[in-house]
>>> print(open('data_36.tsv').read())   # TSV, C-alpha atoms
chain	number	residue	atom	x	y	z
J	384	MET	CA	0.00	0.00	0.00
J	385	SER	CA	2.92	2.29	0.59
J	386	SER	CA	3.90	2.07	-3.08
J	387	VAL	CA	0.37	3.16	-4.11
J	388	GLY	CA	0.64	6.13	-1.78
J	389	SER	CA	4.04	7.12	-3.14
J	390	ASN	CA	2.76	6.82	-6.76
J	391	LEU	CA	-0.22	8.99	-5.91
J	392	TYR	CA	2.08	11.47	-4.20
J	393	SER	CA	4.53	11.57	-7.14
J	394	SER	CA	1.80	11.94	-9.81
J	395	THR	CA	0.23	14.79	-7.82
J	396	PHE	CA	3.65	16.38	-7.47
J	397	VAL	CA	4.28	16.07	-11.23
J	398	LYS	CA	0.89	17.61	-12.03
J	399	CYS	CA	1.58	20.54	-9.70
J	400	ALA	CA	5.06	21.01	-11.18
J	401	VAL	CA	3.67	21.06	-14.73
J	402	ALA	CA	0.91	23.48	-13.74
J	403	GLY	CA	3.46	25.74	-12.02
J	404	ALA	CA	5.74	25.70	-15.07
J	405	GLY	CA	2.77	26.55	-17.30
J	406	LEU	CA	1.80	29.47	-15.08
J	407	CYS	CA	5.38	30.74	-15.06
J	408	PHE	CA	5.53	30.57	-18.86
J	409	LEU	CA	2.19	32.38	-19.17
J	410	GLY	CA	3.41	35.10	-16.78
J	411	TYR	CA	6.63	35.41	-18.79
J	412	CYS	CA	4.63	35.86	-22.03
J	413	ILE	CA	2.32	38.46	-20.50
J	414	TYR	CA	5.22	40.41	-18.99
J	415	PHE	CA	7.23	40.63	-22.22
J	416	ASP	CA	4.17	41.35	-24.36
J	417	ASN	CA	3.34	44.26	-22.07
J	418	LYS	CA	6.93	45.43	-22.22
J	419	ARG	CA	6.95	45.21	-26.04
J	420	ARG	CA	3.68	47.12	-26.43
J	421	SER	CA	4.71	49.88	-24.04
J	422	HIS	CA	7.91	50.56	-25.99
J	423	PRO	CA	7.80	54.10	-27.47
J	424	ASP	CA	8.55	52.96	-31.05
J	425	PHE	CA	6.10	50.03	-31.09
J	426	LYS	CA	3.26	51.79	-32.93
J	427	LYS	CA	5.62	53.46	-35.37
J	428	ARG	CA	7.28	50.15	-36.29
J	429	LEU	CA	3.92	48.43	-36.57
J	430	LYS	CA	2.66	51.09	-39.00
J	431	GLU	CA	5.86	50.81	-41.05
J	432	ARG	CA	5.53	47.03	-41.31
J	433	ARG	CA	1.88	47.29	-42.35
J	434	ASN	CA	2.74	49.91	-45.01
J	435	GLN	CA	5.55	47.71	-46.35
J	436	SER	CA	3.17	44.79	-46.47
J	437	ARG	CA	0.63	46.81	-48.46
J	438	VAL	CA	3.30	48.02	-50.87
J	439	GLY	CA	4.52	44.45	-51.31
J	440	LYS	CA	1.03	43.23	-52.18
J	441	THR	CA	0.47	45.89	-54.82
J	442	SER	CA	3.88	45.36	-56.40
J	443	LYS	CA	3.34	41.60	-56.74
J	444	ALA	CA	0.76	42.12	-59.46
J	445	ALA	CA	3.14	44.30	-61.46
J	446	ASP	CA	5.98	41.74	-61.12
J	447	ILE	CA	4.33	39.28	-63.48
J	448	GLN	CA	6.44	38.80	-66.58
J	449	LEU	CA	4.31	38.24	-69.64
J	450	PRO	CA	5.61	35.78	-72.20
J	451	ASP	CA	6.56	36.74	-75.73
J	452	LEU	CA	3.17	37.25	-77.33
J	453	GLN	CA	4.48	36.17	-80.74
J	454	ASN	CA	5.33	32.73	-79.32
J	455	GLN	CA	2.09	30.77	-78.94
J	456	GLU	CA	3.81	28.00	-76.94
J	457	ALA	CA	5.11	30.49	-74.38
J	458	VAL	CA	1.68	32.14	-74.06
J	459	GLN	CA	0.02	28.75	-73.65
J	460	LYS	CA	2.59	27.67	-71.06
J	461	PHE	CA	2.09	30.91	-69.12
J	462	PHE	CA	-1.70	30.44	-69.26
J	463	PHE	CA	-1.51	26.89	-67.90
J	464	GLU	CA	0.96	27.91	-65.18
J	465	GLN	CA	-1.35	30.69	-64.02
J	466	VAL	CA	-4.38	28.38	-63.95
J	467	GLN	CA	-2.44	25.69	-62.11
J	468	LEU	CA	-1.07	28.16	-59.54
J	469	GLY	CA	-4.56	29.53	-59.03
J	470	GLU	CA	-5.98	26.06	-58.42
J	471	GLU	CA	-3.18	25.14	-56.01
J	472	LEU	CA	-3.54	28.36	-54.04
J	473	LEU	CA	-7.30	27.93	-53.92
J	474	ALA	CA	-6.86	24.40	-52.57
J	475	ALA	CA	-4.45	25.78	-49.96
J	476	GLY	CA	-7.00	28.42	-48.92
J	477	ASP	CA	-5.12	31.45	-50.26
J	478	ILE	CA	-8.11	32.91	-52.08
J	479	GLU	CA	-6.65	36.35	-52.80
J	480	ASN	CA	-3.56	35.06	-54.60
J	481	ALA	CA	-5.59	32.33	-56.32
J	482	VAL	CA	-7.91	34.96	-57.78
J	483	GLU	CA	-4.88	36.99	-58.86
J	484	HIS	CA	-3.42	34.08	-60.83
J	485	LEU	CA	-6.75	33.02	-62.33
J	486	SER	CA	-7.44	36.58	-63.40
J	487	ASN	CA	-4.03	36.66	-65.09
J	488	ALA	CA	-5.01	33.61	-67.11
J	489	VAL	CA	-8.39	34.84	-68.38
J	490	PRO	CA	-7.15	37.59	-70.78
J	491	LEU	CA	-4.67	35.19	-72.38
J	492	CYS	CA	-7.27	32.53	-73.05
J	493	GLY	CA	-8.37	32.13	-76.66
J	494	GLN	CA	-12.00	31.99	-75.55
J	495	PRO	CA	-12.31	33.91	-72.29
J	496	GLN	CA	-16.12	33.73	-72.14
J	497	GLN	CA	-16.04	29.94	-72.18
J	498	LEU	CA	-13.30	29.90	-69.56
J	499	LEU	CA	-15.39	32.19	-67.35
J	500	GLN	CA	-18.37	29.88	-67.75
J	501	VAL	CA	-16.28	26.90	-66.66
J	502	LEU	CA	-14.86	28.85	-63.72
J	503	GLU	CA	-18.35	29.95	-62.72
J	504	GLN	CA	-19.43	26.32	-62.52
J	505	THR	CA	-16.34	25.10	-60.67
J	506	LEU	CA	-15.45	27.93	-58.30
J	507	PRO	CA	-17.36	28.83	-55.16
J	508	PRO	CA	-19.67	31.83	-55.82
J	509	GLN	CA	-17.75	34.27	-53.61
J	510	VAL	CA	-14.43	33.36	-55.27
J	511	PHE	CA	-15.94	33.72	-58.74
J	512	GLN	CA	-17.36	37.11	-57.75
J	513	LEU	CA	-13.89	38.23	-56.62
J	514	LEU	CA	-12.51	37.04	-59.95
J	515	ILE	CA	-15.10	39.05	-61.89
J	516	GLN	CA	-14.33	42.14	-59.81
J	517	LYS	CA	-10.60	41.71	-60.48
J	518	LEU	CA	-10.86	41.30	-64.26
J	519	PRO	CA	-11.26	44.99	-65.25
J	520	GLU	CA	-8.12	45.87	-63.29
J	521	VAL	CA	-6.18	43.00	-64.89
J	522	ASN	CA	-7.47	43.89	-68.37
J	523	LYS	CA	-6.28	47.48	-67.93
J	524	ARG	CA	-2.90	46.32	-66.65
J	525	TYR	CA	-2.50	43.87	-69.55
J	526	ALA	CA	-3.62	46.49	-72.05
J	527	SER	CA	-0.89	48.84	-70.83
J	528	MET	CA	1.67	46.00	-70.88
J	529	PHE	CA	0.63	44.96	-74.38
J	530	ALA	CA	0.67	48.54	-75.61
J	531	SER	CA	4.18	49.10	-74.27
J	532	SER	CA	5.45	45.85	-75.75
J	533	PHE	CA	3.93	46.58	-79.18
J	534	GLN	CA	4.75	50.27	-79.57
J	535	MET	CA	6.23	50.98	-82.95
J	536	PRO	CA	7.63	54.11	-84.46
J	537	SER	CA	4.90	56.12	-86.17
J	538	SER	CA	6.65	55.88	-89.56
J	539	ALA	CA	6.75	52.06	-89.52
J	540	PRO	CA	3.83	50.23	-91.10
J	541	ALA	CA	1.66	48.25	-88.70
J	542	ALA	CA	2.64	44.60	-88.65
J	543	LYS	CA	0.17	41.83	-88.21
J	544	GLY	CA	0.30	40.32	-84.75
J	545	PRO	CA	-1.82	39.44	-81.77
J	546	THR	CA	-4.42	41.95	-80.79
J	547	LEU	CA	-5.97	42.54	-77.42
J	548	THR	CA	-9.60	43.31	-77.03
J	549	VAL	CA	-10.46	44.63	-73.60
J	550	VAL	CA	-13.94	43.50	-72.74
J	551	GLU	CA	-15.49	44.53	-69.46
J	552	ASP	CA	-18.58	42.37	-69.32
J	553	ASP	CA	-20.44	41.58	-66.14
J	554	VAL	CA	-20.86	37.83	-66.04
J	555	GLU	CA	-23.65	36.97	-63.65
>>> encode(input="data_36.tsv", output="structure tokens")
Amino acid sequence: MSSVGSNLYSSTFVKCAVAGAGLCFLGYCIYFDNKRRSHPDFKKRLKERRNQSRVGKTSKAADIQLPDLQNQEAVQKFFFEQVQLGEELLAAGDIENAVEHLSNAVPLCGQPQQLLQVLEQTLPPQVFQLLIQKLPEVNKRYASMFASSFQMPSSAPAAKGPTLTVVEDDVE
């Protein structure tokens, strides 16, 4: 019976030791969090980090390198990469970046209306709505990228090549 008593005593002691260590750790976290928040530069640094984060998000969209539009294979590869990245990010739960990649793919599709119909059937309604809201912005960005990549001197005759039609339809 003495061994049962000593086991009971040791398990109670272990439980109290673990609870005490947990309380000490919690007190440590609260103390240093309070110390961090009361630092004079805390709010300033927090605002700077948030501003840098916002700037980073807006510059990501402009970092996309379009393929050579004369090379159909490169355009097709870019299209499939964007769709695949969008699907992977959507599966991972990163809806914002998934919509960004899917919206990059739509203007490069040979038949964007059919692609939008397929996406409408396969995507959740709120994600599809975000995609539709993002398309005018992407179309404008692509139009400016296409225009800058196809600018010719005014004296040169216009060469035949891919054309971009910016369509801002509301698909509902």
>>> atom_distance(input="data_36.tsv", atom1="atom CA of Phe461 of chain J", atom2="atom CA of Gln448 of chain J")
9.4 Å
>>> atom_distance(input="data_36.tsv", atom1="atom CA of Glu471 of chain J", atom2="atom CA of Glu503 of chain J")
17.3 Å
>>> atom_distance(input="data_36.tsv", atom1="atom CA of Pro490 of chain J", atom2="atom CA of Pro507 of chain J")
20.6 Å
>>> closest_residue(input="data_36.tsv", among="J:Gln465, J:Asn417, J:Asn434, J:Ser393", to="Leu491 of chain J", atoms="all atoms listed in the file")
J:Gln465
>>> closest_residue(input="data_36.tsv", among="J:Leu506, J:Cys412, J:Leu449, J:Leu473", to="Arg524 of chain J", atoms="all atoms listed in the file")
J:Leu449
>>> closest_residue(input="data_36.tsv", among="J:Ala457, J:Val489, J:Ala526, J:Val501", to="Leu514 of chain J", atoms="only C-alpha atoms")
J:Val489
>>> residues_around(input="data_36.tsv", residues="Glu520 of chain J", least_positions_apart="5", cutoff="10 Å", atoms="all atoms listed in the file", output="number ranges by chain")
J: 486, 515, 525-526, 551
>>> decode(input="data_36.tsv", residues="segment 386-539 of chain J", atoms="C-alpha atoms", output="PDB file, in the first residue's frame")
ATOM      1  CA  SER J 386       3.902   2.068  -3.079  1.00  0.00           C
ATOM      2  CA  VAL J 387       0.372   3.160  -4.114  1.00  0.00           C
ATOM      3  CA  GLY J 388       0.645   6.135  -1.780  1.00  0.00           C
ATOM      4  CA  SER J 389       4.039   7.119  -3.140  1.00  0.00           C
ATOM      5  CA  ASN J 390       2.755   6.819  -6.760  1.00  0.00           C
ATOM      6  CA  LEU J 391      -0.220   8.994  -5.913  1.00  0.00           C
ATOM      7  CA  TYR J 392       2.078  11.471  -4.201  1.00  0.00           C
ATOM      8  CA  SER J 393       4.535  11.567  -7.141  1.00  0.00           C
ATOM      9  CA  SER J 394       1.800  11.938  -9.806  1.00  0.00           C
ATOM     10  CA  THR J 395       0.234  14.793  -7.816  1.00  0.00           C
ATOM     11  CA  PHE J 396       3.652  16.378  -7.470  1.00  0.00           C
ATOM     12  CA  VAL J 397       4.281  16.067 -11.228  1.00  0.00           C
ATOM     13  CA  LYS J 398       0.893  17.608 -12.026  1.00  0.00           C
ATOM     14  CA  CYS J 399       1.585  20.536  -9.701  1.00  0.00           C
ATOM     15  CA  ALA J 400       5.057  21.015 -11.182  1.00  0.00           C
ATOM     16  CA  VAL J 401       3.674  21.055 -14.732  1.00  0.00           C
ATOM     17  CA  ALA J 402       0.913  23.482 -13.743  1.00  0.00           C
ATOM     18  CA  GLY J 403       3.461  25.742 -12.025  1.00  0.00           C
ATOM     19  CA  ALA J 404       5.738  25.702 -15.075  1.00  0.00           C
ATOM     20  CA  GLY J 405       2.775  26.550 -17.298  1.00  0.00           C
ATOM     21  CA  LEU J 406       1.797  29.472 -15.081  1.00  0.00           C
ATOM     22  CA  CYS J 407       5.379  30.743 -15.057  1.00  0.00           C
ATOM     23  CA  PHE J 408       5.527  30.571 -18.856  1.00  0.00           C
ATOM     24  CA  LEU J 409       2.192  32.379 -19.168  1.00  0.00           C
ATOM     25  CA  GLY J 410       3.409  35.100 -16.782  1.00  0.00           C
ATOM     26  CA  TYR J 411       6.627  35.413 -18.791  1.00  0.00           C
ATOM     27  CA  CYS J 412       4.633  35.860 -22.028  1.00  0.00           C
ATOM     28  CA  ILE J 413       2.317  38.463 -20.504  1.00  0.00           C
ATOM     29  CA  TYR J 414       5.220  40.415 -18.990  1.00  0.00           C
ATOM     30  CA  PHE J 415       7.226  40.635 -22.217  1.00  0.00           C
ATOM     31  CA  ASP J 416       4.165  41.354 -24.359  1.00  0.00           C
ATOM     32  CA  ASN J 417       3.338  44.264 -22.068  1.00  0.00           C
ATOM     33  CA  LYS J 418       6.934  45.432 -22.216  1.00  0.00           C
ATOM     34  CA  ARG J 419       6.952  45.215 -26.036  1.00  0.00           C
ATOM     35  CA  ARG J 420       3.680  47.120 -26.425  1.00  0.00           C
ATOM     36  CA  SER J 421       4.707  49.878 -24.036  1.00  0.00           C
ATOM     37  CA  HIS J 422       7.911  50.561 -25.992  1.00  0.00           C
ATOM     38  CA  PRO J 423       7.800  54.104 -27.471  1.00  0.00           C
ATOM     39  CA  ASP J 424       8.550  52.958 -31.054  1.00  0.00           C
ATOM     40  CA  PHE J 425       6.101  50.032 -31.089  1.00  0.00           C
ATOM     41  CA  LYS J 426       3.259  51.790 -32.929  1.00  0.00           C
ATOM     42  CA  LYS J 427       5.625  53.462 -35.370  1.00  0.00           C
ATOM     43  CA  ARG J 428       7.283  50.154 -36.290  1.00  0.00           C
ATOM     44  CA  LEU J 429       3.917  48.432 -36.570  1.00  0.00           C
ATOM     45  CA  LYS J 430       2.655  51.087 -38.998  1.00  0.00           C
ATOM     46  CA  GLU J 431       5.862  50.813 -41.046  1.00  0.00           C
ATOM     47  CA  ARG J 432       5.531  47.028 -41.306  1.00  0.00           C
ATOM     48  CA  ARG J 433       1.885  47.288 -42.351  1.00  0.00           C
ATOM     49  CA  ASN J 434       2.737  49.907 -45.006  1.00  0.00           C
ATOM     50  CA  GLN J 435       5.553  47.712 -46.352  1.00  0.00           C
ATOM     51  CA  SER J 436       3.173  44.788 -46.470  1.00  0.00           C
ATOM     52  CA  ARG J 437       0.626  46.808 -48.458  1.00  0.00           C
ATOM     53  CA  VAL J 438       3.296  48.022 -50.870  1.00  0.00           C
ATOM     54  CA  GLY J 439       4.520  44.447 -51.307  1.00  0.00           C
ATOM     55  CA  LYS J 440       1.033  43.226 -52.180  1.00  0.00           C
ATOM     56  CA  THR J 441       0.470  45.886 -54.818  1.00  0.00           C
ATOM     57  CA  SER J 442       3.883  45.359 -56.397  1.00  0.00           C
ATOM     58  CA  LYS J 443       3.335  41.598 -56.740  1.00  0.00           C
ATOM     59  CA  ALA J 444       0.758  42.123 -59.464  1.00  0.00           C
ATOM     60  CA  ALA J 445       3.138  44.302 -61.463  1.00  0.00           C
ATOM     61  CA  ASP J 446       5.975  41.739 -61.121  1.00  0.00           C
ATOM     62  CA  ILE J 447       4.330  39.281 -63.485  1.00  0.00           C
ATOM     63  CA  GLN J 448       6.439  38.801 -66.584  1.00  0.00           C
ATOM     64  CA  LEU J 449       4.313  38.242 -69.645  1.00  0.00           C
ATOM     65  CA  PRO J 450       5.610  35.780 -72.202  1.00  0.00           C
ATOM     66  CA  ASP J 451       6.564  36.744 -75.726  1.00  0.00           C
ATOM     67  CA  LEU J 452       3.172  37.253 -77.327  1.00  0.00           C
ATOM     68  CA  GLN J 453       4.480  36.175 -80.744  1.00  0.00           C
ATOM     69  CA  ASN J 454       5.334  32.734 -79.317  1.00  0.00           C
ATOM     70  CA  GLN J 455       2.091  30.766 -78.936  1.00  0.00           C
ATOM     71  CA  GLU J 456       3.810  28.002 -76.935  1.00  0.00           C
ATOM     72  CA  ALA J 457       5.106  30.492 -74.380  1.00  0.00           C
ATOM     73  CA  VAL J 458       1.681  32.140 -74.058  1.00  0.00           C
ATOM     74  CA  GLN J 459       0.022  28.755 -73.650  1.00  0.00           C
ATOM     75  CA  LYS J 460       2.592  27.667 -71.062  1.00  0.00           C
ATOM     76  CA  PHE J 461       2.087  30.911 -69.119  1.00  0.00           C
ATOM     77  CA  PHE J 462      -1.699  30.444 -69.265  1.00  0.00           C
ATOM     78  CA  PHE J 463      -1.514  26.892 -67.905  1.00  0.00           C
ATOM     79  CA  GLU J 464       0.957  27.912 -65.177  1.00  0.00           C
ATOM     80  CA  GLN J 465      -1.355  30.693 -64.021  1.00  0.00           C
ATOM     81  CA  VAL J 466      -4.383  28.379 -63.948  1.00  0.00           C
ATOM     82  CA  GLN J 467      -2.437  25.691 -62.107  1.00  0.00           C
ATOM     83  CA  LEU J 468      -1.073  28.157 -59.542  1.00  0.00           C
ATOM     84  CA  GLY J 469      -4.565  29.535 -59.032  1.00  0.00           C
ATOM     85  CA  GLU J 470      -5.977  26.064 -58.422  1.00  0.00           C
ATOM     86  CA  GLU J 471      -3.178  25.141 -56.012  1.00  0.00           C
ATOM     87  CA  LEU J 472      -3.543  28.355 -54.037  1.00  0.00           C
ATOM     88  CA  LEU J 473      -7.301  27.929 -53.919  1.00  0.00           C
ATOM     89  CA  ALA J 474      -6.861  24.400 -52.573  1.00  0.00           C
ATOM     90  CA  ALA J 475      -4.447  25.784 -49.959  1.00  0.00           C
ATOM     91  CA  GLY J 476      -6.996  28.417 -48.925  1.00  0.00           C
ATOM     92  CA  ASP J 477      -5.120  31.453 -50.256  1.00  0.00           C
ATOM     93  CA  ILE J 478      -8.111  32.913 -52.079  1.00  0.00           C
ATOM     94  CA  GLU J 479      -6.654  36.353 -52.800  1.00  0.00           C
ATOM     95  CA  ASN J 480      -3.559  35.065 -54.600  1.00  0.00           C
ATOM     96  CA  ALA J 481      -5.586  32.333 -56.317  1.00  0.00           C
ATOM     97  CA  VAL J 482      -7.912  34.961 -57.775  1.00  0.00           C
ATOM     98  CA  GLU J 483      -4.878  36.992 -58.859  1.00  0.00           C
ATOM     99  CA  HIS J 484      -3.423  34.081 -60.834  1.00  0.00           C
ATOM    100  CA  LEU J 485      -6.746  33.017 -62.327  1.00  0.00           C
ATOM    101  CA  SER J 486      -7.444  36.585 -63.402  1.00  0.00           C
ATOM    102  CA  ASN J 487      -4.028  36.664 -65.088  1.00  0.00           C
ATOM    103  CA  ALA J 488      -5.006  33.610 -67.111  1.00  0.00           C
ATOM    104  CA  VAL J 489      -8.386  34.844 -68.381  1.00  0.00           C
ATOM    105  CA  PRO J 490      -7.148  37.593 -70.778  1.00  0.00           C
ATOM    106  CA  LEU J 491      -4.668  35.185 -72.376  1.00  0.00           C
ATOM    107  CA  CYS J 492      -7.268  32.531 -73.046  1.00  0.00           C
ATOM    108  CA  GLY J 493      -8.367  32.131 -76.656  1.00  0.00           C
ATOM    109  CA  GLN J 494     -12.004  31.993 -75.552  1.00  0.00           C
ATOM    110  CA  PRO J 495     -12.306  33.915 -72.288  1.00  0.00           C
ATOM    111  CA  GLN J 496     -16.117  33.729 -72.135  1.00  0.00           C
ATOM    112  CA  GLN J 497     -16.042  29.935 -72.177  1.00  0.00           C
ATOM    113  CA  LEU J 498     -13.296  29.897 -69.556  1.00  0.00           C
ATOM    114  CA  LEU J 499     -15.386  32.194 -67.349  1.00  0.00           C
ATOM    115  CA  GLN J 500     -18.373  29.882 -67.745  1.00  0.00           C
ATOM    116  CA  VAL J 501     -16.281  26.898 -66.658  1.00  0.00           C
ATOM    117  CA  LEU J 502     -14.858  28.849 -63.722  1.00  0.00           C
ATOM    118  CA  GLU J 503     -18.352  29.955 -62.719  1.00  0.00           C
ATOM    119  CA  GLN J 504     -19.427  26.325 -62.521  1.00  0.00           C
ATOM    120  CA  THR J 505     -16.340  25.104 -60.674  1.00  0.00           C
ATOM    121  CA  LEU J 506     -15.446  27.931 -58.296  1.00  0.00           C
ATOM    122  CA  PRO J 507     -17.363  28.831 -55.158  1.00  0.00           C
ATOM    123  CA  PRO J 508     -19.673  31.831 -55.821  1.00  0.00           C
ATOM    124  CA  GLN J 509     -17.749  34.272 -53.606  1.00  0.00           C
ATOM    125  CA  VAL J 510     -14.432  33.359 -55.266  1.00  0.00           C
ATOM    126  CA  PHE J 511     -15.944  33.724 -58.739  1.00  0.00           C
ATOM    127  CA  GLN J 512     -17.361  37.112 -57.755  1.00  0.00           C
ATOM    128  CA  LEU J 513     -13.886  38.233 -56.617  1.00  0.00           C
ATOM    129  CA  LEU J 514     -12.505  37.041 -59.947  1.00  0.00           C
ATOM    130  CA  ILE J 515     -15.103  39.047 -61.888  1.00  0.00           C
ATOM    131  CA  GLN J 516     -14.329  42.142 -59.811  1.00  0.00           C
ATOM    132  CA  LYS J 517     -10.602  41.709 -60.480  1.00  0.00           C
ATOM    133  CA  LEU J 518     -10.865  41.301 -64.264  1.00  0.00           C
ATOM    134  CA  PRO J 519     -11.263  44.988 -65.246  1.00  0.00           C
ATOM    135  CA  GLU J 520      -8.119  45.867 -63.288  1.00  0.00           C
ATOM    136  CA  VAL J 521      -6.180  43.003 -64.887  1.00  0.00           C
ATOM    137  CA  ASN J 522      -7.466  43.892 -68.367  1.00  0.00           C
ATOM    138  CA  LYS J 523      -6.280  47.477 -67.929  1.00  0.00           C
ATOM    139  CA  ARG J 524      -2.904  46.319 -66.649  1.00  0.00           C
ATOM    140  CA  TYR J 525      -2.504  43.867 -69.546  1.00  0.00           C
ATOM    141  CA  ALA J 526      -3.624  46.489 -72.050  1.00  0.00           C
ATOM    142  CA  SER J 527      -0.894  48.838 -70.827  1.00  0.00           C
ATOM    143  CA  MET J 528       1.673  46.002 -70.883  1.00  0.00           C
ATOM    144  CA  PHE J 529       0.634  44.960 -74.381  1.00  0.00           C
ATOM    145  CA  ALA J 530       0.670  48.540 -75.609  1.00  0.00           C
ATOM    146  CA  SER J 531       4.176  49.102 -74.268  1.00  0.00           C
ATOM    147  CA  SER J 532       5.453  45.855 -75.753  1.00  0.00           C
ATOM    148  CA  PHE J 533       3.930  46.582 -79.179  1.00  0.00           C
ATOM    149  CA  GLN J 534       4.752  50.266 -79.566  1.00  0.00           C
ATOM    150  CA  MET J 535       6.228  50.985 -82.951  1.00  0.00           C
ATOM    151  CA  PRO J 536       7.630  54.113 -84.463  1.00  0.00           C
ATOM    152  CA  SER J 537       4.903  56.118 -86.172  1.00  0.00           C
ATOM    153  CA  SER J 538       6.654  55.882 -89.557  1.00  0.00           C
ATOM    154  CA  ALA J 539       6.754  52.060 -89.524  1.00  0.00           C
TER     155      ALA J 539
END
